[in-house]
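Reviewing the structure listed below.
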Protein chains: 2
Amino acid sequence: MISELFKIKYPIIQGGMIWCSGWKLASAVSNSGGLGLIGAGSMYPDVLHEHIIKCKKATSKPFGVNVPLLYPQTDEIIDLIIKENIRIVFTSAGNPSKYTGKLKSKGIKVVHVVSNLRFALKAEKSGVDAIVAEGFEAGGHNGFEETTTLVLIPTIKAKVSIPLIAAGGIASGESMYSAMAMGADGVQIGSLFASSHESSAHDNFKNAIIEASDGSTYLTLKKVVPVRLLRNEFFERIQSAILEGKDKDVLTKMLGKGRAKMGMFEGDLKEGELEVGQISATIDEKKTVSQIFSDLILQFNNTKDKMDKIGRI
Amino acid sequence: MISELFKIKYPIIQGGMIWCSGWKLASAVSNSGGLGLIGAGSMYPDVLHEHIIKCKKATSKPFGVNVPLLYPQTDEIIDLIIKENIRIVFTSAGNPSKYTGKLKSKGIKVVHVVSNLRFALKAEKSGVDAIVAEGFEAGGHNGFEETTTLVLIPTIKAKVSIPLIAAGGIASGESMYSAMAMGADGVQIGSLFASSHESSAHDNFKNAIIEASDGSTYLTLKKVVPVRLLRNEFFERIQSAILEGKDKDVLTKMLGKGRAKMGMFEGDLKEGELEVGQISATIDEKKTVSQIFSDLILQFNNTKDKMDKIGRI
């Protein structure tokens, strides 16, 4: 299990989601026995600094920072993380070989998020300590191959020997148990924590996650960067343009800037980008992080009992 | 478990795939302790009749017929099934309320294949005995919502009380164990059986399944009927037309008729439609059905041992 690597109680990692994952969420998850991650993707270095300081005050347990490697200030952010003595860094959306060596030389545990086997092999080669394999059903940015979690985990597990964390489609103890049966050493959970009381997302967005059902999300903008969004007015407009065959430039212009913040942080449900996973269909209630952990653990153990009853075949 | 409903030893159902699932495959699966299904989708009534007769000779175990409800000769096929005293029918791709009553009145067990919650509720209401919930990763025809197996199973399980069979992304005992942990009462396996020695598919197609890797399949033709295909020359041509915004009529014309037979049965890997699931990435060897069963059961039981070691959390 991944618990030993991070020195945490449960093999449950909270996704470092933009606009949701501030110090409140990360510290609540770490205090509950999981690994909380501050999502640096939506933070300037000074904002991240503030969140790190507050998170340290709010928990004595291990926590980490998630850094998407696609922003101009990544160098500054990495230096800040080292200076602040953060022990765990998750990187995503970029080349893991760029920062892994530097971070590892400071004794920092590095985990890279991938969506296919090729990137998993590349991440392992770059020296990371573990991999998050994120399936097609996950919210937000996503891989071009559209490989689902149920397929991605065994595909990567067969070829990679470092620990593997499953992400995408997991919001219950049953699916956590399933992911580990597939071969994952732990799970990363996004949408469920995005909807929690401690998430820094706007309440409108949290309510939209609660109300989402089967078919409410869709992977779109594949000509720009594939992203899974809740269907809203902005989504339908973009989707029509895609079906008409509009090219990358037109779509990029329609997307513009700041829509993720507008949707998830400012609560504009019509015009914002609402990044959330398919599994939001099963999330029906806003909970505290502590309640989420109690439920996950109870469901995991009940699933064990259920499978024990089935026994060997 | 689904085993009691069908009076079979293992909760393993072979998908009734067109051009792959003749009497040889169905009887081999039933003789191995699973439920074999003859795939009527690629058969005229007289051909189906012949396969039923041969299957009865080849096994004394329960087997069934899969009937996609979208062909003009469906009435004839249903009457043939009743006349031949088939005890299990899987229906797909159509309205389950049309034939379920008639079949049930003859004591036939009816199972309907769905890809979303709405169709699952409709199937339950129509009186079927069980549901197959097939995720986005599955080969061949697929749902518009693109819900993956890991999400679809808990979504349906929460609202439907009849037995639930998971399909899509399953080709090992580990994923079988996972699907049952998610809440499935059994599994339906397609691609793995399509690649078996007993499958009636062309050897070229079986070899293509063995060679497929991460990203080799893609869900396409969404403006016509969504279908997951192996990427080949035909696929790339269709995909370019889609990206250019070509409409349904143009795409339907490009598709033409008979491409599934051309690809899967006649072995034209360039111009045929090659319907197979994402999980083909993990299928590396052509096996007999008997070997497939031994491996699935061993893997299932090994997964149980692995999960027992993890224990309660």
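Lettering and numbering for the structure tokens are positional, with chains as A, B, ... in the shown order, residues counted from 1 in each chain, and ligands counted from 1 in the shown order.
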
Next on the checklist: Among segment 10-96 of chain B, which ones does DSSP assign to helix (DSSP H, G or I) (computed from the backbone)? Answer as a PyMOL selection string.
Outcome noted: chain B and resi 23-31+40-42+45-58+74-83

Which residues of chain A have any atom within 7 Å of an atom in chain B when counting only C-alpha atoms, and what is the closest pair of atoms for each, with the distance in Å to one decimal? Order the rows by chain and rising number and write it as a Markdown table.
| residue | atom | partner | partner_atom | distance |
| --- | --- | --- | --- | --- |
| A:Asn116 | CA | B:Asp214 | CA | 6.8 |
| A:Leu117 | CA | B:Asp214 | CA | 6.6 |
| A:Glu137 | CA | B:Thr148 | CA | 6.5 |
| A:Glu145 | CA | B:Gly215 | CA | 4.6 |
| A:Thr147 | CA | B:Gly215 | CA | 6.9 |
| A:Thr148 | CA | B:Glu137 | CA | 6.5 |
| A:Leu150 | CA | B:Gly169 | CA | 6.0 |
| A:Val151 | CA | B:Ile279 | CA | 5.6 |
| A:Thr155 | CA | B:Thr282 | CA | 5.9 |
| A:Gly169 | CA | B:Val151 | CA | 5.7 |
| A:Glu174 | CA | B:Met182 | CA | 5.2 |
| A:Ser175 | CA | B:Met182 | CA | 5.6 |
| A:Tyr177 | CA | B:Ala181 | CA | 6.7 |
| A:Ser178 | CA | B:Ser178 | CA | 4.1 |
| A:Ala179 | CA | B:Ser178 | CA | 6.8 |
| A:Ala181 | CA | B:Ser178 | CA | 5.5 |
| A:Met182 | CA | B:Glu174 | CA | 5.2 |
| A:Asp214 | CA | B:Leu117 | CA | 6.6 |
| A:Gly215 | CA | B:Glu145 | CA | 4.6 |
| A:Leu243 | CA | B:Gly245 | CA | 5.4 |
| A:Glu244 | CA | B:Gly245 | CA | 4.5 |
| A:Gly245 | CA | B:Gly245 | CA | 3.6 |
| A:Gln278 | CA | B:Val151 | CA | 6.7 |
| A:Ile279 | CA | B:Val151 | CA | 5.6 |
| A:Ala281 | CA | B:Thr155 | CA | 6.8 |
| A:Thr282 | CA | B:Thr155 | CA | 5.9 |
| A:Ile297 | CA | B:Ile313 | CA | 6.5 |
| A:Asn301 | CA | B:Arg312 | CA | 5.4 |
| A:Thr303 | CA | B:Ala181 | CA | 6.2 |
| A:Met307 | CA | B:Ala181 | CA | 6.6 |
| A:Arg312 | CA | B:Asn301 | CA | 5.4 |
| A:Ile313 | CA | B:Ile297 | CA | 6.5 |

Expected file contents, prior selection, N, CA and C atoms, as an mmCIF file, in the first residue's frame:
data_model
loop_
_atom_site.group_PDB
_atom_site.id
_atom_site.type_symbol
_atom_site.label_atom_id
_atom_site.label_comp_id
_atom_site.auth_asym_id
_atom_site.auth_seq_id
_atom_site.Cartn_x
_atom_site.Cartn_y
_atom_site.Cartn_z
ATOM 1 N N ASN A 116 -1.605 7.434 -19.576
ATOM 2 C CA ASN A 116 -1.340 6.315 -20.486
ATOM 3 C C ASN A 116 -0.045 5.608 -20.088
ATOM 4 N N LEU A 117 0.186 4.472 -20.735
ATOM 5 C CA LEU A 117 1.349 3.645 -20.399
ATOM 6 C C LEU A 117 2.666 4.330 -20.744
ATOM 7 N N GLU A 137 -12.708 8.725 -16.953
ATOM 8 C CA GLU A 137 -13.879 9.195 -16.205
ATOM 9 C C GLU A 137 -13.556 10.352 -15.270
ATOM 10 N N GLU A 145 -5.926 9.196 -25.206
ATOM 11 C CA GLU A 145 -6.281 7.794 -25.485
ATOM 12 C C GLU A 145 -7.645 7.421 -24.919
ATOM 13 N N THR A 147 -8.413 6.167 -22.100
ATOM 14 C CA THR A 147 -8.389 4.880 -21.403
ATOM 15 C C THR A 147 -9.030 5.023 -20.022
ATOM 16 N N THR A 148 -9.959 4.121 -19.707
ATOM 17 C CA THR A 148 -10.671 4.210 -18.433
ATOM 18 C C THR A 148 -9.834 3.608 -17.304
ATOM 19 N N LEU A 150 -10.447 1.286 -15.171
ATOM 20 C CA LEU A 150 -10.492 -0.182 -15.117
ATOM 21 C C LEU A 150 -9.516 -0.824 -16.116
ATOM 22 N N VAL A 151 -9.199 -0.120 -17.184
ATOM 23 C CA VAL A 151 -8.254 -0.631 -18.188
ATOM 24 C C VAL A 151 -6.847 -0.107 -17.918
ATOM 25 N N THR A 155 -3.133 -2.231 -17.248
ATOM 26 C CA THR A 155 -2.200 -1.981 -18.354
ATOM 27 C C THR A 155 -0.869 -1.461 -17.818
ATOM 28 N N GLY A 169 -13.149 8.061 -11.229
ATOM 29 C CA GLY A 169 -14.269 7.142 -10.994
ATOM 30 C C GLY A 169 -14.356 6.605 -9.582
ATOM 31 N N GLU A 174 -16.395 1.043 -1.948
ATOM 32 C CA GLU A 174 -16.521 -0.061 -2.904
ATOM 33 C C GLU A 174 -15.547 0.138 -4.069
ATOM 34 N N SER A 175 -15.536 1.349 -4.627
ATOM 35 C CA SER A 175 -14.673 1.568 -5.783
ATOM 36 C C SER A 175 -13.206 1.642 -5.373
ATOM 37 N N TYR A 177 -11.990 -0.259 -3.007
ATOM 38 C CA TYR A 177 -11.667 -1.692 -2.911
ATOM 39 C C TYR A 177 -11.427 -2.276 -4.307
ATOM 40 N N SER A 178 -12.287 -1.884 -5.245
ATOM 41 C CA SER A 178 -12.157 -2.346 -6.630
ATOM 42 C C SER A 178 -10.820 -1.947 -7.231
ATOM 43 N N ALA A 179 -10.459 -0.689 -7.033
ATOM 44 C CA ALA A 179 -9.218 -0.174 -7.610
ATOM 45 C C ALA A 179 -8.024 -0.951 -7.064
ATOM 46 N N ALA A 181 -8.135 -4.034 -5.894
ATOM 47 C CA ALA A 181 -8.205 -5.384 -6.467
ATOM 48 C C ALA A 181 -7.608 -5.405 -7.875
ATOM 49 N N MET A 182 -7.824 -4.353 -8.641
ATOM 50 C CA MET A 182 -7.238 -4.217 -9.985
ATOM 51 C C MET A 182 -5.724 -4.176 -9.965
ATOM 52 N N ASP A 214 -25.982 10.597 -14.173
ATOM 53 C CA ASP A 214 -25.435 9.834 -15.281
ATOM 54 C C ASP A 214 -25.514 10.645 -16.589
ATOM 55 N N GLY A 215 -24.383 10.932 -17.186
ATOM 56 C CA GLY A 215 -24.377 11.687 -18.438
ATOM 57 C C GLY A 215 -24.236 13.185 -18.259
ATOM 58 N N LEU A 243 -18.850 19.978 -33.172
ATOM 59 C CA LEU A 243 -19.596 19.124 -34.119
ATOM 60 C C LEU A 243 -19.620 19.743 -35.518
ATOM 61 N N GLU A 244 -19.539 21.083 -35.551
ATOM 62 C CA GLU A 244 -19.478 21.760 -36.861
ATOM 63 C C GLU A 244 -18.079 21.709 -37.461
ATOM 64 N N GLY A 245 -17.117 21.180 -36.716
ATOM 65 C CA GLY A 245 -15.766 21.026 -37.254
ATOM 66 C C GLY A 245 -14.871 22.241 -37.063
ATOM 67 N N GLN A 278 -17.077 11.891 -13.877
ATOM 68 C CA GLN A 278 -18.329 11.149 -14.085
ATOM 69 C C GLN A 278 -18.932 10.676 -12.773
ATOM 70 N N ILE A 279 -18.066 10.356 -11.804
ATOM 71 C CA ILE A 279 -18.532 9.753 -10.559
ATOM 72 C C ILE A 279 -19.386 10.718 -9.739
ATOM 73 N N ALA A 281 -22.078 11.582 -10.494
ATOM 74 C CA ALA A 281 -23.421 10.973 -10.561
ATOM 75 C C ALA A 281 -23.792 10.248 -9.277
ATOM 76 N N THR A 282 -22.793 9.771 -8.541
ATOM 77 C CA THR A 282 -23.074 8.996 -7.319
ATOM 78 C C THR A 282 -22.920 9.829 -6.040
ATOM 79 N N ILE A 297 -14.196 4.327 4.776
ATOM 80 C CA ILE A 297 -13.612 3.209 5.525
ATOM 81 C C ILE A 297 -14.676 2.150 5.826
ATOM 82 N N ASN A 301 -14.613 -1.654 4.299
ATOM 83 C CA ASN A 301 -14.654 -2.851 5.152
ATOM 84 C C ASN A 301 -15.900 -3.691 4.883
ATOM 85 N N THR A 303 -17.266 -3.924 1.983
ATOM 86 C CA THR A 303 -16.976 -4.587 0.704
ATOM 87 C C THR A 303 -16.113 -5.819 0.944
ATOM 88 N N MET A 307 -17.152 -9.558 -0.160
ATOM 89 C CA MET A 307 -16.300 -10.403 -1.004
ATOM 90 C C MET A 307 -15.884 -11.678 -0.256
ATOM 91 N N ARG A 312 -13.809 -17.925 -2.505
ATOM 92 C CA ARG A 312 -13.087 -18.410 -3.683
ATOM 93 C C ARG A 312 -14.091 -18.990 -4.659
ATOM 94 N N ILE A 313 -13.742 -19.011 -5.928
ATOM 95 C CA ILE A 313 -14.655 -19.606 -6.904
ATOM 96 C C ILE A 313 -13.993 -20.815 -7.561
#

Least-squares superpose chain B onto chain A - every C-alpha atom, paired in order - and show me the moved coordinates as a compact mmCIF listing (two decimals) with C-alpha atoms, in the first residue's frame.
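Here's the written file part.txt:
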# COMPACT_ATOMS: atom_id res chain seq x y z
CA MET B 1 -0.01 -0.01 0.01
CA ILE B 2 0.90 3.57 -0.58
CA SER B 3 0.43 4.40 3.12
CA GLU B 4 4.06 3.56 4.03
CA LEU B 5 5.51 5.80 1.31
CA PHE B 6 3.68 8.86 2.62
CA LYS B 7 3.48 7.79 6.27
CA ILE B 8 -0.29 8.09 6.31
CA LYS B 9 -2.95 5.89 7.89
CA TYR B 10 -5.23 5.20 4.90
CA PRO B 11 -4.23 4.77 1.22
CA ILE B 12 -6.43 7.72 0.29
CA ILE B 13 -5.04 10.77 -1.49
CA GLN B 14 -7.03 13.90 -2.16
CA GLY B 15 -6.57 15.19 -5.70
CA GLY B 16 -4.86 18.60 -5.79
CA MET B 17 -7.64 20.13 -7.83
CA ILE B 18 -7.49 23.75 -8.95
CA TRP B 19 -9.88 26.14 -7.16
CA CYS B 20 -10.93 23.42 -4.69
CA SER B 21 -7.79 22.37 -2.87
CA GLY B 22 -6.64 25.06 -0.49
CA TRP B 23 -5.11 24.58 2.98
CA LYS B 24 -8.52 23.89 4.56
CA LEU B 25 -9.22 20.84 2.41
CA ALA B 26 -5.63 19.56 2.42
CA SER B 27 -5.25 19.81 6.21
CA ALA B 28 -8.67 18.26 6.85
CA VAL B 29 -7.74 15.27 4.65
CA SER B 30 -4.35 14.86 6.34
CA ASN B 31 -5.93 15.16 9.79
CA SER B 32 -8.38 12.40 8.81
CA GLY B 33 -5.53 10.02 7.99
CA GLY B 34 -5.24 10.52 4.23
CA LEU B 35 -2.83 12.60 2.19
CA GLY B 36 -4.01 16.17 1.61
CA LEU B 37 -2.66 18.06 -1.38
CA ILE B 38 -2.68 21.81 -1.90
CA GLY B 39 -3.50 22.48 -5.55
CA ALA B 40 -0.87 24.96 -6.78
CA GLY B 41 -2.40 25.02 -10.26
CA SER B 42 -4.71 27.88 -9.39
CA MET B 43 -2.25 29.78 -7.16
CA TYR B 44 0.40 32.41 -7.74
CA PRO B 45 3.53 31.70 -5.67
CA ASP B 46 2.59 34.17 -2.91
CA VAL B 47 -0.88 32.64 -2.57
CA LEU B 48 0.62 29.14 -2.46
CA HIS B 49 3.04 30.37 0.21
CA GLU B 50 0.15 31.52 2.38
CA HIS B 51 -1.67 28.19 1.95
CA ILE B 52 1.46 26.23 2.89
CA ILE B 53 1.91 28.29 6.07
CA LYS B 54 -1.75 27.87 7.05
CA CYS B 55 -1.71 24.15 6.25
CA LYS B 56 1.34 23.61 8.47
CA LYS B 57 -0.51 25.33 11.31
CA ALA B 58 -3.67 23.28 10.72
CA THR B 59 -2.06 19.83 10.68
CA SER B 60 0.97 18.04 12.02
CA LYS B 61 0.37 15.18 9.58
CA PRO B 62 2.06 14.77 6.16
CA PHE B 63 0.61 16.82 3.33
CA GLY B 64 1.83 17.68 -0.16
CA VAL B 65 1.49 20.10 -3.05
CA ASN B 66 0.21 19.31 -6.52
CA VAL B 67 2.04 21.21 -9.28
CA PRO B 68 0.81 21.16 -12.88
CA LEU B 69 3.99 21.65 -14.93
CA LEU B 70 2.44 23.96 -17.49
CA TYR B 71 2.44 27.39 -15.92
CA PRO B 72 5.13 30.06 -16.42
CA GLN B 73 5.88 30.32 -12.68
CA THR B 74 6.68 26.64 -12.14
CA ASP B 75 10.37 27.31 -11.34
CA GLU B 76 9.40 29.74 -8.61
CA ILE B 77 6.81 27.33 -7.22
CA ILE B 78 9.29 24.44 -7.09
CA ASP B 79 11.82 26.66 -5.28
CA LEU B 80 9.16 27.77 -2.80
CA ILE B 81 8.20 24.14 -2.13
CA ILE B 82 11.82 23.25 -1.42
CA LYS B 83 12.32 26.31 0.78
CA GLU B 84 9.18 25.52 2.76
CA ASN B 85 10.42 21.98 3.32
CA ILE B 86 7.39 20.30 1.75
CA ARG B 87 8.08 16.53 1.75
CA ILE B 88 5.66 15.34 -0.95
CA VAL B 89 5.07 16.77 -4.43
CA PHE B 90 2.64 15.54 -7.07
CA THR B 91 3.38 16.79 -10.58
CA SER B 92 1.08 16.62 -13.58
CA ALA B 93 0.54 17.87 -17.12
CA GLY B 94 4.15 18.08 -18.21
CA ASN B 95 7.53 16.40 -18.41
CA PRO B 96 8.42 14.68 -15.13
CA SER B 97 12.15 14.60 -15.92
CA LYS B 98 12.38 18.40 -15.59
CA TYR B 99 11.98 18.71 -11.80
CA THR B 100 12.06 15.17 -10.38
CA GLY B 101 15.86 15.07 -9.95
CA LYS B 102 15.94 18.42 -8.18
CA LEU B 103 13.10 17.51 -5.81
CA LYS B 104 14.47 14.03 -5.10
CA SER B 105 17.88 15.48 -4.27
CA LYS B 106 16.19 17.31 -1.40
CA GLY B 107 14.63 14.08 -0.15
CA ILE B 108 11.19 15.02 -1.41
CA LYS B 109 8.85 12.20 -2.49
CA VAL B 110 7.72 12.83 -6.05
CA VAL B 111 4.61 11.40 -7.69
CA HIS B 112 3.62 12.05 -11.31
CA VAL B 113 0.11 11.88 -12.76
CA VAL B 114 -0.27 10.02 -16.08
CA SER B 115 -3.08 8.97 -18.39
CA ASN B 116 -1.34 6.32 -20.48
CA LEU B 117 1.34 3.65 -20.39
CA ARG B 118 3.93 5.64 -22.33
CA PHE B 119 3.88 8.50 -19.80
CA ALA B 120 3.92 5.98 -16.94
CA LEU B 121 7.13 4.43 -18.28
CA LYS B 122 8.61 7.89 -18.80
CA ALA B 123 7.72 8.91 -15.24
CA GLU B 124 9.24 5.74 -13.79
CA LYS B 125 12.42 6.35 -15.78
CA SER B 126 12.61 9.92 -14.47
CA GLY B 127 12.87 8.51 -10.94
CA VAL B 128 9.50 9.34 -9.38
CA ASP B 129 8.45 7.39 -6.27
CA ALA B 130 4.96 6.55 -7.48
CA ILE B 131 2.51 7.15 -10.29
CA VAL B 132 -1.09 8.31 -10.29
CA ALA B 133 -2.89 6.70 -13.23
CA GLU B 134 -5.96 8.74 -14.01
CA GLY B 135 -8.71 7.32 -16.19
CA PHE B 136 -11.06 8.84 -18.77
CA GLU B 137 -13.85 9.21 -16.20
CA ALA B 138 -11.84 11.74 -14.16
CA GLY B 139 -12.79 15.40 -14.08
CA GLY B 140 -10.66 18.13 -15.62
CA HIS B 141 -7.76 17.54 -17.98
CA ASN B 142 -7.53 14.12 -19.44
CA GLY B 143 -5.59 11.91 -21.84
CA PHE B 144 -6.01 11.62 -25.61
CA GLU B 145 -6.27 7.81 -25.50
CA GLU B 146 -9.43 8.00 -23.33
CA THR B 147 -8.38 4.90 -21.40
CA THR B 148 -10.66 4.22 -18.44
CA THR B 149 -9.42 3.50 -14.92
CA LEU B 150 -10.47 -0.17 -15.12
CA VAL B 151 -8.25 -0.61 -18.18
CA LEU B 152 -5.45 1.80 -17.31
CA ILE B 153 -4.55 0.25 -13.94
CA PRO B 154 -3.86 -3.31 -15.19
CA THR B 155 -2.19 -1.97 -18.35
CA ILE B 156 0.30 0.07 -16.32
CA LYS B 157 0.60 -2.42 -13.46
CA ALA B 158 1.86 -5.06 -15.91
CA LYS B 159 4.80 -2.91 -17.06
CA VAL B 160 5.72 -0.61 -14.18
CA SER B 161 7.13 -1.67 -10.82
CA ILE B 162 6.81 1.50 -8.68
CA PRO B 163 3.66 2.04 -6.59
CA LEU B 164 0.51 2.89 -8.50
CA ILE B 165 -2.34 5.13 -7.35
CA ALA B 166 -5.67 4.86 -9.18
CA ALA B 167 -7.66 8.01 -9.99
CA GLY B 168 -10.88 8.63 -11.87
CA GLY B 169 -14.25 7.16 -11.00
CA ILE B 170 -13.56 6.64 -7.29
CA ALA B 171 -15.88 8.12 -4.68
CA SER B 172 -16.77 5.22 -2.39
CA GLY B 173 -15.17 2.47 -0.36
CA GLU B 174 -16.50 -0.05 -2.89
CA SER B 175 -14.67 1.58 -5.79
CA MET B 176 -11.59 2.05 -3.60
CA TYR B 177 -11.66 -1.68 -2.91
CA SER B 178 -12.15 -2.34 -6.64
CA ALA B 179 -9.20 -0.17 -7.60
CA MET B 180 -6.95 -2.01 -5.19
CA ALA B 181 -8.19 -5.38 -6.46
CA MET B 182 -7.23 -4.20 -9.99
CA GLY B 183 -3.70 -3.69 -8.74
CA ALA B 184 -3.59 -0.13 -7.39
CA ASP B 185 -1.66 0.53 -4.18
CA GLY B 186 -3.95 3.38 -3.20
CA VAL B 187 -6.49 5.80 -4.62
CA GLN B 188 -6.69 9.48 -5.44
CA ILE B 189 -10.14 10.97 -5.00
CA GLY B 190 -11.17 14.24 -6.63
CA SER B 191 -14.84 15.07 -7.17
CA LEU B 192 -15.93 13.79 -3.76
CA PHE B 193 -13.48 16.11 -1.98
CA ALA B 194 -14.31 18.98 -4.37
CA SER B 195 -17.89 18.76 -3.09
CA SER B 196 -16.89 18.68 0.61
CA HIS B 197 -17.51 21.45 3.13
CA GLU B 198 -13.77 22.12 3.36
CA SER B 199 -13.29 22.51 -0.42
CA SER B 200 -12.57 26.09 -1.46
CA ALA B 201 -14.91 25.78 -4.44
CA HIS B 202 -18.00 27.99 -4.67
CA ASP B 203 -21.14 26.53 -3.14
CA ASN B 204 -22.90 26.74 -6.51
CA PHE B 205 -20.28 24.38 -7.94
CA LYS B 206 -20.56 22.00 -4.97
CA ASN B 207 -24.33 21.92 -5.41
CA ALA B 208 -23.89 21.21 -9.12
CA ILE B 209 -21.72 18.19 -8.24
CA ILE B 210 -24.42 16.94 -5.85
CA GLU B 211 -27.10 17.37 -8.54
CA ALA B 212 -25.08 15.78 -11.37
CA SER B 213 -26.34 12.46 -12.69
CA ASP B 214 -25.44 9.84 -15.28
CA GLY B 215 -24.38 11.69 -18.43
CA SER B 216 -23.98 15.12 -16.79
CA THR B 217 -20.28 15.37 -17.68
CA TYR B 218 -18.53 15.01 -21.02
CA LEU B 219 -14.97 15.03 -22.30
CA THR B 220 -14.65 17.99 -24.65
CA LEU B 221 -12.18 20.44 -26.24
CA LYS B 222 -10.07 17.54 -27.56
CA LYS B 223 -8.56 19.75 -30.28
CA VAL B 224 -7.27 22.12 -27.56
CA VAL B 225 -6.66 20.00 -24.41
CA PRO B 226 -9.19 17.29 -23.52
CA VAL B 227 -11.13 18.32 -20.41
CA ARG B 228 -14.11 16.72 -18.68
CA LEU B 229 -16.75 19.32 -17.80
CA LEU B 230 -20.25 19.45 -16.44
CA ARG B 231 -22.60 20.23 -19.30
CA ASN B 232 -23.74 23.85 -19.07
CA GLU B 233 -24.42 26.70 -21.48
CA PHE B 234 -20.73 27.24 -22.19
CA PHE B 235 -20.24 23.51 -22.77
CA GLU B 236 -23.16 23.24 -25.19
CA ARG B 237 -21.86 26.20 -27.22
CA ILE B 238 -18.37 24.70 -27.44
CA GLN B 239 -19.80 21.27 -28.26
CA SER B 240 -21.88 22.65 -31.16
CA ALA B 241 -18.79 24.35 -32.55
CA ILE B 242 -16.86 21.06 -32.31
CA LEU B 243 -19.60 19.13 -34.12
CA GLU B 244 -19.50 21.75 -36.87
CA GLY B 245 -15.77 21.01 -37.28
CA LYS B 246 -14.42 24.31 -35.89
CA ASP B 247 -10.63 24.29 -35.57
CA LYS B 248 -8.33 24.68 -32.57
CA ASP B 249 -7.92 28.46 -32.98
CA VAL B 250 -11.65 29.13 -32.99
CA LEU B 251 -12.20 26.85 -29.98
CA THR B 252 -9.28 28.40 -28.05
CA LYS B 253 -10.79 31.83 -28.64
CA MET B 254 -14.24 30.67 -27.51
CA LEU B 255 -12.64 29.21 -24.38
CA GLY B 256 -10.84 32.45 -23.58
CA LYS B 257 -9.20 32.81 -20.19
CA GLY B 258 -10.33 32.40 -16.60
CA ARG B 259 -13.37 30.20 -17.15
CA ALA B 260 -12.26 27.58 -14.60
CA LYS B 261 -12.04 30.24 -11.89
CA MET B 262 -15.33 31.76 -13.07
CA GLY B 263 -17.11 28.43 -12.76
CA MET B 264 -15.55 26.64 -9.82
CA PHE B 265 -14.46 29.53 -7.60
CA GLU B 266 -16.89 32.31 -8.50
CA GLY B 267 -19.86 30.00 -9.03
CA ASP B 268 -20.94 31.03 -12.53
CA LEU B 269 -22.70 27.80 -13.50
CA LYS B 270 -23.67 29.03 -16.96
CA GLU B 271 -20.43 30.39 -18.38
CA GLY B 272 -17.75 28.81 -16.22
CA GLU B 273 -15.72 25.67 -16.84
CA LEU B 274 -16.95 23.14 -14.27
CA GLU B 275 -14.30 20.43 -14.03
CA VAL B 276 -15.66 17.33 -12.37
CA GLY B 277 -15.62 13.58 -12.89
CA GLN B 278 -18.31 11.16 -14.09
CA ILE B 279 -18.52 9.76 -10.56
CA SER B 280 -20.31 12.96 -9.48
CA ALA B 281 -23.40 10.98 -10.57
CA THR B 282 -23.07 9.00 -7.33
CA ILE B 283 -22.34 11.96 -5.02
CA ASP B 284 -25.64 12.97 -3.44
CA GLU B 285 -24.74 14.88 -0.31
CA LYS B 286 -22.32 17.57 0.82
CA LYS B 287 -20.20 16.15 3.65
CA THR B 288 -17.32 17.13 5.86
CA VAL B 289 -13.97 15.53 5.12
CA SER B 290 -14.20 13.65 8.39
CA GLN B 291 -17.59 12.17 7.39
CA ILE B 292 -16.21 11.27 3.95
CA PHE B 293 -13.40 9.31 5.60
CA SER B 294 -15.74 7.48 7.99
CA ASP B 295 -17.97 6.51 5.05
CA LEU B 296 -15.08 5.41 2.80
CA ILE B 297 -13.62 3.21 5.53
CA LEU B 298 -16.97 1.68 6.47
CA GLN B 299 -17.77 0.98 2.80
CA PHE B 300 -14.30 -0.47 2.21
CA ASN B 301 -14.65 -2.84 5.13
CA ASN B 302 -18.22 -3.77 4.19
CA THR B 303 -16.98 -4.57 0.69
CA LYS B 304 -14.36 -6.85 2.21
CA ASP B 305 -17.11 -8.66 4.13
CA LYS B 306 -19.21 -8.94 0.96
CA MET B 307 -16.29 -10.39 -1.01
CA ASP B 308 -15.47 -12.77 1.83
CA LYS B 309 -19.00 -14.13 1.54
CA ILE B 310 -18.46 -14.78 -2.16
CA GLY B 311 -15.15 -16.39 -1.26
CA ARG B 312 -13.10 -18.39 -3.71
CA ILE B 313 -14.66 -19.60 -6.94

Assign secondary structure with DSSP using the backbone only, and return the residues of segment 77-191 of chain B in strand (DSSP E or B) as a short mmCIF file (atom, residue, chain, number, x, y, z; two decimals) with C-alpha atoms, in the first residue's frame.
data_model
loop_
_atom_site.label_atom_id
_atom_site.label_comp_id
_atom_site.auth_asym_id
_atom_site.auth_seq_id
_atom_site.Cartn_x
_atom_site.Cartn_y
_atom_site.Cartn_z
CA ILE B 88 -31.88 -17.69 -21.78
CA VAL B 89 -32.04 -14.63 -24.06
CA PHE B 90 -29.93 -11.48 -23.87
CA THR B 91 -31.38 -8.53 -25.77
CA SER B 92 -29.58 -5.31 -26.66
CA LYS B 109 -34.85 -15.82 -18.61
CA VAL B 110 -34.40 -12.42 -20.22
CA VAL B 111 -31.44 -10.10 -19.72
CA HIS B 112 -31.14 -6.66 -21.34
CA VAL B 113 -27.91 -4.79 -22.08
CA VAL B 114 -27.83 -1.09 -21.12
CA ALA B 130 -31.13 -9.12 -14.97
CA ILE B 131 -29.26 -6.27 -16.59
CA VAL B 132 -25.89 -6.11 -18.28
CA ALA B 133 -24.40 -2.66 -17.70
CA GLU B 134 -21.77 -2.04 -20.34
CA GLY B 140 -18.61 -2.26 -30.48
CA HIS B 141 -21.76 -0.21 -29.98
CA LEU B 164 -26.48 -6.66 -12.41
CA ILE B 165 -23.79 -7.97 -14.76
CA ALA B 166 -20.78 -5.73 -15.45
CA ALA B 167 -19.37 -5.50 -18.98
CA GLY B 186 -21.33 -11.31 -12.38
CA VAL B 187 -19.38 -10.25 -15.44
CA GLN B 188 -19.77 -10.36 -19.19
CA ILE B 189 -16.51 -10.72 -21.08
#
